[in-house]
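Asks: Provided below: data-v9.pdb, containing PDB, C-alpha atoms.
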```pdb
ATOM      1  CA  MET A   1     122.748  61.931   6.456
ATOM      2  CA  LEU A   2     119.796  61.255   8.732
ATOM      3  CA  PRO A   3     121.539  62.404  11.956
ATOM      4  CA  LYS A   4     122.570  65.618  10.206
ATOM      5  CA  LEU A   5     118.989  66.209   9.059
ATOM      6  CA  PHE A   6     117.762  65.527  12.576
ATOM      7  CA  PHE A   7     120.264  67.893  14.151
ATOM      8  CA  GLY A   8     119.606  70.536  11.501
ATOM      9  CA  TYR A   9     115.864  70.412  12.161
ATOM     10  CA  TYR A  10     116.334  70.831  15.915
ATOM     11  CA  ALA A  11     118.990  73.553  15.565
ATOM     12  CA  VAL A  12     116.862  75.641  13.198
ATOM     13  CA  VAL A  13     113.635  75.164  15.151
ATOM     14  CA  ILE A  14     115.328  75.984  18.473
ATOM     15  CA  ILE A  15     116.718  79.240  17.065
ATOM     16  CA  VAL A  16     113.358  80.205  15.552
ATOM     17  CA  LEU A  17     111.493  79.380  18.765
ATOM     18  CA  SER A  18     113.999  81.310  20.896
ATOM     19  CA  LEU A  19     113.452  84.354  18.691
ATOM     20  CA  LEU A  20     109.696  83.922  19.023
ATOM     21  CA  VAL A  21     110.028  83.734  22.820
ATOM     22  CA  VAL A  22     111.895  87.036  23.088
ATOM     23  CA  THR A  23     109.955  88.985  20.462
ATOM     24  CA  ARG A  24     106.294  88.225  21.312
ATOM     25  CA  LYS A  25     104.328  91.162  22.664
ATOM     26  CA  ASN A  26     102.127  89.013  24.854
ATOM     27  CA  PRO A  27     104.200  87.366  27.615
ATOM     28  CA  VAL A  28     101.776  84.436  27.835
ATOM     29  CA  HIS A  29     102.481  83.675  24.172
ATOM     30  CA  SER A  30     106.211  83.823  24.948
ATOM     31  CA  VAL A  31     105.764  81.216  27.656
ATOM     32  CA  MET A  32     103.811  78.972  25.284
ATOM     33  CA  TRP A  33     106.555  79.185  22.655
ATOM     34  CA  MET A  34     109.021  78.389  25.421
ATOM     35  CA  LEU A  35     107.095  75.168  26.112
ATOM     36  CA  LEU A  36     107.625  74.087  22.501
ATOM     37  CA  LEU A  37     111.269  75.198  22.793
ATOM     38  CA  PHE A  38     111.825  72.988  25.865
ATOM     39  CA  PHE A  39     110.421  69.968  24.029
ATOM     40  CA  HIS A  40     112.791  70.567  21.140
ATOM     41  CA  ILE A  41     115.741  70.901  23.507
ATOM     42  CA  ALA A  42     114.713  67.557  25.000
ATOM     43  CA  GLY A  43     114.772  66.109  21.479
ATOM     44  CA  LEU A  44     118.302  67.422  21.024
ATOM     45  CA  TYR A  45     119.354  65.750  24.290
ATOM     46  CA  LEU A  46     117.919  62.446  23.033
ATOM     47  CA  PHE A  47     119.997  62.943  19.900
ATOM     48  CA  LEU A  48     123.084  63.062  22.170
ATOM     49  CA  ASN A  49     122.042  59.736  23.807
ATOM     50  CA  ALA A  50     121.378  61.634  27.047
ATOM     51  CA  GLU A  51     117.991  60.097  27.739
ATOM     52  CA  PHE A  52     117.989  61.012  31.431
ATOM     53  CA  ILE A  53     118.641  64.691  30.751
ATOM     54  CA  ALA A  54     115.930  64.611  28.078
ATOM     55  CA  ALA A  55     113.433  63.169  30.570
ATOM     56  CA  ILE A  56     114.385  65.795  33.155
ATOM     57  CA  GLN A  57     114.049  68.519  30.560
ATOM     58  CA  ILE A  58     110.420  67.474  30.051
ATOM     59  CA  ILE A  59     109.556  66.673  33.675
ATOM     60  CA  VAL A  60     111.209  69.631  35.393
ATOM     61  CA  TYR A  61     111.491  72.362  32.778
ATOM     62  CA  ALA A  62     108.425  71.785  30.618
ATOM     63  CA  GLY A  63     106.392  70.458  33.541
ATOM     64  CA  ALA A  64     107.281  72.531  36.579
ATOM     65  CA  ILE A  65     109.481  75.539  35.770
ATOM     66  CA  LEU A  66     107.218  76.619  32.932
ATOM     67  CA  VAL A  67     104.182  76.551  35.216
ATOM     68  CA  LEU A  68     106.132  78.791  37.569
ATOM     69  CA  PHE A  69     106.949  81.166  34.693
ATOM     70  CA  LEU A  70     103.323  81.262  33.671
ATOM     71  CA  PHE A  71     102.119  82.011  37.193
ATOM     72  CA  VAL A  72     104.699  84.761  37.605
ATOM     73  CA  VAL A  73     103.576  86.288  34.302
ATOM     74  CA  LEU A  74      99.964  86.146  35.439
ATOM     75  CA  LEU A  75     100.859  87.352  38.928
ATOM     76  CA  LEU A  76     102.249  90.609  37.587
ATOM     77  CA  ASN A  77      99.741  92.956  36.119
ATOM     78  CA  LEU A  78     100.959  93.115  32.563
ATOM     79  CA  ARG A  79      98.358  95.355  30.999
ATOM     80  CA  GLU A  80     100.706  98.360  31.093
ATOM     81  CA  GLU A  81     103.632  96.234  30.016
ATOM     82  CA  LEU A  82     101.890  95.338  26.752
ATOM     83  CA  LEU A  83     101.635  98.961  25.725
ATOM     84  CA  ILE A  84     105.292  99.845  26.274
ATOM     85  CA  GLU A  85     107.352  99.854  23.103
ATOM     86  CA  ARG A  86     110.097  97.316  23.331
ATOM     87  CA  PHE A  87     113.663  97.244  22.016
ATOM     88  CA  ILE A  88     114.077 100.990  22.138
ATOM     89  CA  GLY A  89     117.291 102.595  23.347
ATOM     90  CA  THR A  90     118.661  99.337  24.696
ATOM     91  CA  TRP A  91     119.606  97.586  21.485
ATOM     92  CA  PRO A  92     123.193  98.972  21.085
ATOM     93  CA  THR A  93     124.047  97.759  24.572
ATOM     94  CA  ALA A  94     122.358  94.432  23.878
ATOM     95  CA  LEU A  95     124.303  94.085  20.625
ATOM     96  CA  VAL A  96     127.642  94.766  22.334
ATOM     97  CA  ILE A  97     126.884  92.267  25.102
ATOM     98  CA  SER A  98     125.715  89.515  22.770
ATOM     99  CA  VAL A  99     128.596  89.954  20.315
ATOM    100  CA  SER A 100     131.156  89.851  23.130
ATOM    101  CA  LEU A 101     129.465  86.753  24.567
ATOM    102  CA  LEU A 102     129.569  85.139  21.113
ATOM    103  CA  ILE A 103     133.298  85.920  20.791
ATOM    104  CA  LEU A 104     133.862  84.496  24.277
ATOM    105  CA  VAL A 105     132.046  81.266  23.410
ATOM    106  CA  ILE A 106     133.901  80.886  20.094
ATOM    107  CA  ARG A 107     137.273  81.472  21.770
ATOM    108  CA  ALA A 108     136.432  79.000  24.520
ATOM    109  CA  ILE A 109     135.493  76.329  21.963
ATOM    110  CA  GLN A 110     138.692  76.979  19.992
ATOM    111  CA  ASP A 111     140.887  76.663  23.071
ATOM    112  CA  MET A 112     139.060  73.607  24.360
ATOM    113  CA  ALA A 113     141.282  70.588  24.870
ATOM    114  CA  LEU A 114     139.749  67.238  25.745
ATOM    115  CA  ALA A 115     141.068  65.816  28.992
ATOM    116  CA  PRO A 116     142.162  62.178  28.961
ATOM    117  CA  PRO A 117     139.104  59.980  29.567
ATOM    118  CA  GLY A 118     139.018  58.604  33.090
ATOM    119  CA  ASN A 119     136.689  55.905  34.313
ATOM    120  CA  HIS A 120     133.772  57.642  32.653
ATOM    121  CA  SER A 121     134.718  57.696  29.000
ATOM    122  CA  VAL A 122     132.064  57.966  26.308
ATOM    123  CA  ASP A 123     132.283  54.244  25.579
ATOM    124  CA  ALA A 124     131.942  53.279  29.253
ATOM    125  CA  ILE A 125     128.857  55.463  29.647
ATOM    126  CA  GLN A 126     127.296  54.118  26.466
ATOM    127  CA  ALA A 127     127.937  50.555  27.616
ATOM    128  CA  GLU A 128     125.999  50.893  30.878
ATOM    129  CA  THR A 129     123.596  53.657  29.697
ATOM    130  CA  HIS A 130     123.560  57.240  30.761
ATOM    131  CA  THR A 131     121.162  56.977  33.706
ATOM    132  CA  VAL A 132     122.970  54.095  35.377
ATOM    133  CA  ALA A 133     126.342  55.824  35.009
ATOM    134  CA  LEU A 134     124.926  58.992  36.532
ATOM    135  CA  GLY A 135     123.251  57.140  39.403
ATOM    136  CA  LYS A 136     126.381  55.187  40.248
ATOM    137  CA  ILE A 137     128.562  58.262  40.521
ATOM    138  CA  LEU A 138     125.948  60.530  42.115
ATOM    139  CA  TYR A 139     125.078  58.186  44.976
ATOM    140  CA  THR A 140     128.659  57.175  45.783
ATOM    141  CA  ASP A 141     131.359  59.734  44.897
ATOM    142  CA  TYR A 142     129.094  62.776  44.909
ATOM    143  CA  LEU A 143     127.067  61.826  47.954
ATOM    144  CA  PHE A 144     127.685  65.088  49.792
ATOM    145  CA  PRO A 145     126.557  67.420  46.960
ATOM    146  CA  PHE A 146     123.493  65.205  46.615
ATOM    147  CA  GLU A 147     122.559  65.695  50.272
ATOM    148  CA  ILE A 148     123.321  69.420  49.963
ATOM    149  CA  ALA A 149     120.780  69.514  47.112
ATOM    150  CA  SER A 150     118.068  68.494  49.562
ATOM    151  CA  VAL A 151     119.036  71.374  51.877
ATOM    152  CA  VAL A 152     118.892  73.771  48.916
ATOM    153  CA  LEU A 153     115.413  72.496  48.058
ATOM    154  CA  LEU A 154     114.384  72.896  51.700
ATOM    155  CA  ILE A 155     115.532  76.525  51.604
ATOM    156  CA  ALA A 156     113.468  77.003  48.435
ATOM    157  CA  ILE A 157     110.329  75.716  50.206
ATOM    158  CA  ILE A 158     110.864  77.893  53.265
ATOM    159  CA  GLY A 159     111.783  80.942  51.195
ATOM    160  CA  ALA A 160     108.703  80.678  48.989
ATOM    161  CA  LEU A 161     106.402  80.233  51.972
ATOM    162  CA  VAL A 162     107.929  83.064  53.984
ATOM    163  CA  LEU A 163     107.677  85.473  51.059
ATOM    164  CA  ALA A 164     104.259  84.470  49.755
ATOM    165  CA  LYS A 165     102.384  83.577  52.929
ATOM    166  CA  ARG A 166     103.041  86.965  54.506
ATOM    167  CA  LYS A 167     101.071  88.669  51.759
ATOM    168  CA  MET A 168      98.109  86.376  52.330
ATOM    169  CA  ARG A 169      97.850  87.217  56.008
ATOM    170  CA  SER A 170      97.830  90.996  55.542
ATOM    171  CA  PRO A 171      94.213  91.537  54.314
ATOM    172  CA  GLN A 172      92.736  89.693  57.305
TER     173      GLN A 172
ATOM    174  CA  MET B   1      99.760  62.204   4.619
ATOM    175  CA  ILE B   2      96.943  62.992   2.194
ATOM    176  CA  ALA B   3      94.561  63.609   5.087
ATOM    177  CA  THR B   4      97.012  66.066   6.703
ATOM    178  CA  ALA B   5      97.644  67.796   3.391
ATOM    179  CA  PHE B   6      93.903  68.106   2.794
ATOM    180  CA  ALA B   7      93.208  69.505   6.259
ATOM    181  CA  LEU B   8      96.071  72.028   6.130
ATOM    182  CA  GLY B   9      95.384  72.818   2.473
ATOM    183  CA  ALA B  10      91.764  73.697   3.182
ATOM    184  CA  LEU B  11      92.851  76.133   5.905
ATOM    185  CA  VAL B  12      95.587  77.710   3.764
ATOM    186  CA  VAL B  13      93.362  78.066   0.676
ATOM    187  CA  GLY B  14      90.599  79.463   2.866
ATOM    188  CA  SER B  15      92.891  82.037   4.444
ATOM    189  CA  ILE B  16      93.991  83.203   0.981
ATOM    190  CA  PHE B  17      90.571  83.533  -0.637
ATOM    191  CA  ARG B  18      88.227  84.483   2.188
ATOM    192  CA  LEU B  19      87.151  88.069   2.732
ATOM    193  CA  LYS B  20      88.730  89.963   5.612
ATOM    194  CA  ARG B  21      86.815  93.029   6.693
ATOM    195  CA  PRO B  22      87.590  93.482  10.381
ATOM    196  CA  TYR B  23      86.108  96.357  12.324
ATOM    197  CA  ALA B  24      86.085  97.225  16.022
ATOM    198  CA  GLU B  25      82.843  95.480  16.942
ATOM    199  CA  LYS B  26      83.717  92.340  15.021
ATOM    200  CA  LEU B  27      87.083  92.020  16.782
ATOM    201  CA  MET B  28      85.522  92.437  20.203
ATOM    202  CA  PRO B  29      85.585  89.294  22.367
ATOM    203  CA  TYR B  30      82.173  87.619  22.551
ATOM    204  CA  GLU B  31      80.613  87.780  25.999
ATOM    205  CA  SER B  32      77.140  86.379  25.392
ATOM    206  CA  GLY B  33      76.064  89.496  23.521
ATOM    207  CA  ASN B  34      77.006  92.016  26.189
ATOM    208  CA  PRO B  35      79.829  94.492  25.628
ATOM    209  CA  PRO B  36      82.918  93.168  27.427
ATOM    210  CA  VAL B  37      83.658  94.666  30.831
ATOM    211  CA  GLY B  38      87.154  95.042  32.270
ATOM    212  CA  GLU B  39      90.305  93.224  31.297
ATOM    213  CA  PRO B  40      90.360  89.552  30.352
ATOM    214  CA  ARG B  41      93.584  89.051  32.245
ATOM    215  CA  GLN B  42      93.326  89.730  35.936
ATOM    216  CA  ARG B  43      96.012  89.459  38.538
ATOM    217  CA  PHE B  44      96.385  85.939  39.781
ATOM    218  CA  SER B  45      96.547  85.313  43.467
ATOM    219  CA  VAL B  46      99.955  84.552  44.921
ATOM    220  CA  LYS B  47      98.425  81.261  46.115
ATOM    221  CA  PHE B  48      98.999  79.811  42.655
ATOM    222  CA  TYR B  49     102.659  80.739  42.941
ATOM    223  CA  ILE B  50     103.062  78.863  46.235
ATOM    224  CA  ILE B  51     101.530  75.734  44.734
ATOM    225  CA  ALA B  52     103.773  76.010  41.666
ATOM    226  CA  MET B  53     106.878  76.561  43.803
ATOM    227  CA  LEU B  54     106.119  73.554  46.009
ATOM    228  CA  PHE B  55     105.444  71.525  42.874
ATOM    229  CA  VAL B  56     108.849  72.469  41.430
ATOM    230  CA  VAL B  57     110.641  71.494  44.640
ATOM    231  CA  PHE B  58     108.981  68.105  44.998
ATOM    232  CA  ASP B  59     109.328  67.508  41.271
ATOM    233  CA  VAL B  60     113.076  67.950  41.566
ATOM    234  CA  GLU B  61     113.036  65.617  44.566
ATOM    235  CA  ALA B  62     111.261  63.009  42.439
ATOM    236  CA  VAL B  63     113.851  63.477  39.686
ATOM    237  CA  PHE B  64     116.577  62.433  42.130
ATOM    238  CA  LEU B  65     114.618  59.251  42.819
ATOM    239  CA  TYR B  66     114.742  57.977  39.214
ATOM    240  CA  PRO B  67     118.495  57.267  38.916
ATOM    241  CA  TRP B  68     118.479  56.117  42.536
ATOM    242  CA  ALA B  69     115.829  53.513  41.770
ATOM    243  CA  ILE B  70     117.840  52.272  38.783
ATOM    244  CA  VAL B  71     121.138  51.827  40.636
ATOM    245  CA  PHE B  72     119.606  50.784  43.960
ATOM    246  CA  ASP B  73     120.355  47.067  43.504
ATOM    247  CA  LYS B  74     123.991  47.859  42.638
ATOM    248  CA  ILE B  75     124.727  50.024  45.696
ATOM    249  CA  GLY B  76     122.368  48.481  48.245
ATOM    250  CA  LEU B  77     121.905  49.574  51.856
ATOM    251  CA  TYR B  78     124.274  52.533  51.503
ATOM    252  CA  ALA B  79     122.034  54.025  48.828
ATOM    253  CA  PHE B  80     118.957  53.375  50.938
ATOM    254  CA  ILE B  81     120.355  55.252  53.961
ATOM    255  CA  GLU B  82     121.471  58.254  51.943
ATOM    256  CA  MET B  83     118.079  58.512  50.267
ATOM    257  CA  VAL B  84     116.376  58.326  53.680
ATOM    258  CA  ILE B  85     118.520  61.285  54.829
ATOM    259  CA  PHE B  86     117.634  63.151  51.628
ATOM    260  CA  ILE B  87     113.912  62.570  52.064
ATOM    261  CA  VAL B  88     113.946  63.360  55.804
ATOM    262  CA  ILE B  89     115.542  66.756  55.108
ATOM    263  CA  LEU B  90     112.847  67.507  52.532
ATOM    264  CA  PHE B  91     110.183  66.131  54.849
ATOM    265  CA  VAL B  92     111.069  68.956  57.247
ATOM    266  CA  GLY B  93     110.088  71.354  54.492
ATOM    267  CA  TYR B  94     106.909  69.390  53.873
ATOM    268  CA  ILE B  95     105.916  69.599  57.564
ATOM    269  CA  TYR B  96     106.738  73.300  57.539
ATOM    270  CA  ALA B  97     104.529  73.857  54.486
ATOM    271  CA  TRP B  98     101.762  71.837  56.144
ATOM    272  CA  LYS B  99     101.963  73.853  59.380
ATOM    273  CA  LYS B 100     102.014  77.098  57.393
ATOM    274  CA  GLU B 101      98.734  75.937  55.812
ATOM    275  CA  ALA B 102     100.240  76.108  52.337
ATOM    276  CA  PHE B 103      97.954  73.280  51.224
ATOM    277  CA  VAL B 104      94.800  75.016  52.468
ATOM    278  CA  TRP B 105      92.897  76.923  49.792
ATOM    279  CA  ASP B 106      90.995  79.788  51.336
TER     280      ASP B 106
END
```
Spit out the file's structure as structure tokens when you get a sec.

Replies:
Amino acid sequence: MLPKLFFGYYAVVIIVLSLLVVTRKNPVHSVMWMLLLFFHIAGLYLFLNAEFIAAIQIIVYAGAILVLFLFVVLLLNLREELLIERFIGTWPTALVISVSLLILVIRAIQDMALAPPGNHSVDAIQAETHTVALGKILYTDYLFPFEIASVVLLIAIIGALVLAKRKMRSPQ
Amino acid sequence: MIATAFALGALVVGSIFRLKRPYAEKLMPYESGNPPVGEPRQRFSVKFYIIAMLFVVFDVEAVFLYPWAIVFDKIGLYAFIEMVIFIVILFVGYIYAWKKEAFVWD
């Protein structure tokens, strides 16, 4: 009973918050609702015993990505954007796309077959906790993707600096 | 519980019964008695974006350190070497950002 209540609360609140994010006129308000949305998604991850993902959801998404969103919103001059009427002319296309995506997701869930559990079954992961299981596999079997991640992050640093620093030099 | 109900109740009851007579001057933002000039939201400098971007990158780097720290005693030296490689690659980016004066605010 209690887990169902818990899940129901998070499911309903996440849907309501997502709608608030996409329908607000003021983009800064949208970002603020998104902050609350990210916290609720983290709660849902905790509900799935995925405490590491929940922590990352707060640290990276609510902490860093959202700040980036907010700065991008403030970077653009949105005064004109506020006056433009939204959801005009595009909604039939949007409806078709979202309904076909929904059908795709439902079909995928229906056809889903669980693979036989290997070394990392649900019980094995619960026995040694989520974070330890992830660390063990990430730093041994998936060593190469892990090192590639650092190169990807390096490209992100260089890309951001090349794009943004050029604009700063121009007025001088 | 009672305290929360009282606090919220006072606000709800107040919003139902209080008078609402808004007009243009009343809704104007208060700027120490002067009529407001310009827009409240101005374009932010791209400098903020650089700081945020660097923060995201090093935040993600820190995220990789958490599971590493937990399983470090189980994997040992192997884990240490691979994390050194990981950090050295990102350190290149850090030096680059430093040389580009990304941390200088002017």

Asks: Quick one: apply the ChimeraX specification (/A :<7) & /B to the file and drop the selected residues here as a ChimeraX atom specification.

Replies: /B:43-46,48-50,52-57,59-60,63,67-68,70-71,79,86,89-90,93

Asks: Go ahead and compute the interatomic distance for atom CA of Leu20 of chain A and atom CA of Leu37 of chain A, in Å to one decimal.

Replies: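 We find that atom CA of Leu20 of chain A and atom CA of Leu37 of chain A lie 9.6 Å from each other.
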
Asks: What does the distance from atom CA of Ile53 of chain A to atom CA of Pro3 of chain A come to in Å, to one decimal?

Replies: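 Those two atoms sit 19.2 Å apart.
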
Asks: Find the distance between atom CA of Phe39 of chain A and atom CA of Ile14 of chain A and write it in Å to one decimal.

Replies: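 That distance, rounded to one decimal, is 9.5 Å.
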
Asks: Near Ile41 of chain A, counting all atoms listed in the file, which residues have an atom at most 8 Å away, once you skip same-chain residues fewer than 5 positions from it, shown as a PyMOL selection string?

Replies: chain A and resi 10+14+54+57

Asks: When the PyMOL selection byres ((chain A and resi 6) around 12) is applied to the file above, which residues end up in the set, as a PyMOL selection string?

Replies: chain A and resi 1-5+7-13+40+43-48

Asks: For this structure, which residues satisfy the selection - the PyMOL selection byres ((chain A and resi 27) around 10) - when it is evaluated on the file as given? I want them as a VMD selection string.

Replies: chain A and resid 21 to 26 28 to 33 69 to 70 73 to 74 78 81 to 82

Asks: Take the residues that were just selected and, keeping C-alpha atoms, output them as a PDB file, keeping the file's coordinate frame.

Replies:
```pdb
ATOM      1  CA  VAL A  21     110.028  83.734  22.820  1.00  0.00           C
ATOM      2  CA  VAL A  22     111.895  87.036  23.088  1.00  0.00           C
ATOM      3  CA  THR A  23     109.955  88.985  20.462  1.00  0.00           C
ATOM      4  CA  ARG A  24     106.294  88.225  21.312  1.00  0.00           C
ATOM      5  CA  LYS A  25     104.328  91.162  22.664  1.00  0.00           C
ATOM      6  CA  ASN A  26     102.127  89.013  24.854  1.00  0.00           C
ATOM      7  CA  VAL A  28     101.776  84.436  27.835  1.00  0.00           C
ATOM      8  CA  HIS A  29     102.481  83.675  24.172  1.00  0.00           C
ATOM      9  CA  SER A  30     106.211  83.823  24.948  1.00  0.00           C
ATOM     10  CA  VAL A  31     105.764  81.216  27.656  1.00  0.00           C
ATOM     11  CA  MET A  32     103.811  78.972  25.284  1.00  0.00           C
ATOM     12  CA  TRP A  33     106.555  79.185  22.655  1.00  0.00           C
ATOM     13  CA  PHE A  69     106.949  81.166  34.693  1.00  0.00           C
ATOM     14  CA  LEU A  70     103.323  81.262  33.671  1.00  0.00           C
ATOM     15  CA  VAL A  73     103.576  86.288  34.302  1.00  0.00           C
ATOM     16  CA  LEU A  74      99.964  86.146  35.439  1.00  0.00           C
ATOM     17  CA  LEU A  78     100.959  93.115  32.563  1.00  0.00           C
ATOM     18  CA  GLU A  81     103.632  96.234  30.016  1.00  0.00           C
ATOM     19  CA  LEU A  82     101.890  95.338  26.752  1.00  0.00           C
TER      20      LEU A  82
END
```

Asks: Between B:Ile16, B:Ile51, B:Met83, B:Ala7, which one has atoms that come closest to Ala102 of chain B, using only C-alpha atoms?

Replies: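 Distance minimum relative to Ala102 of chain B lands on B:Ile51.
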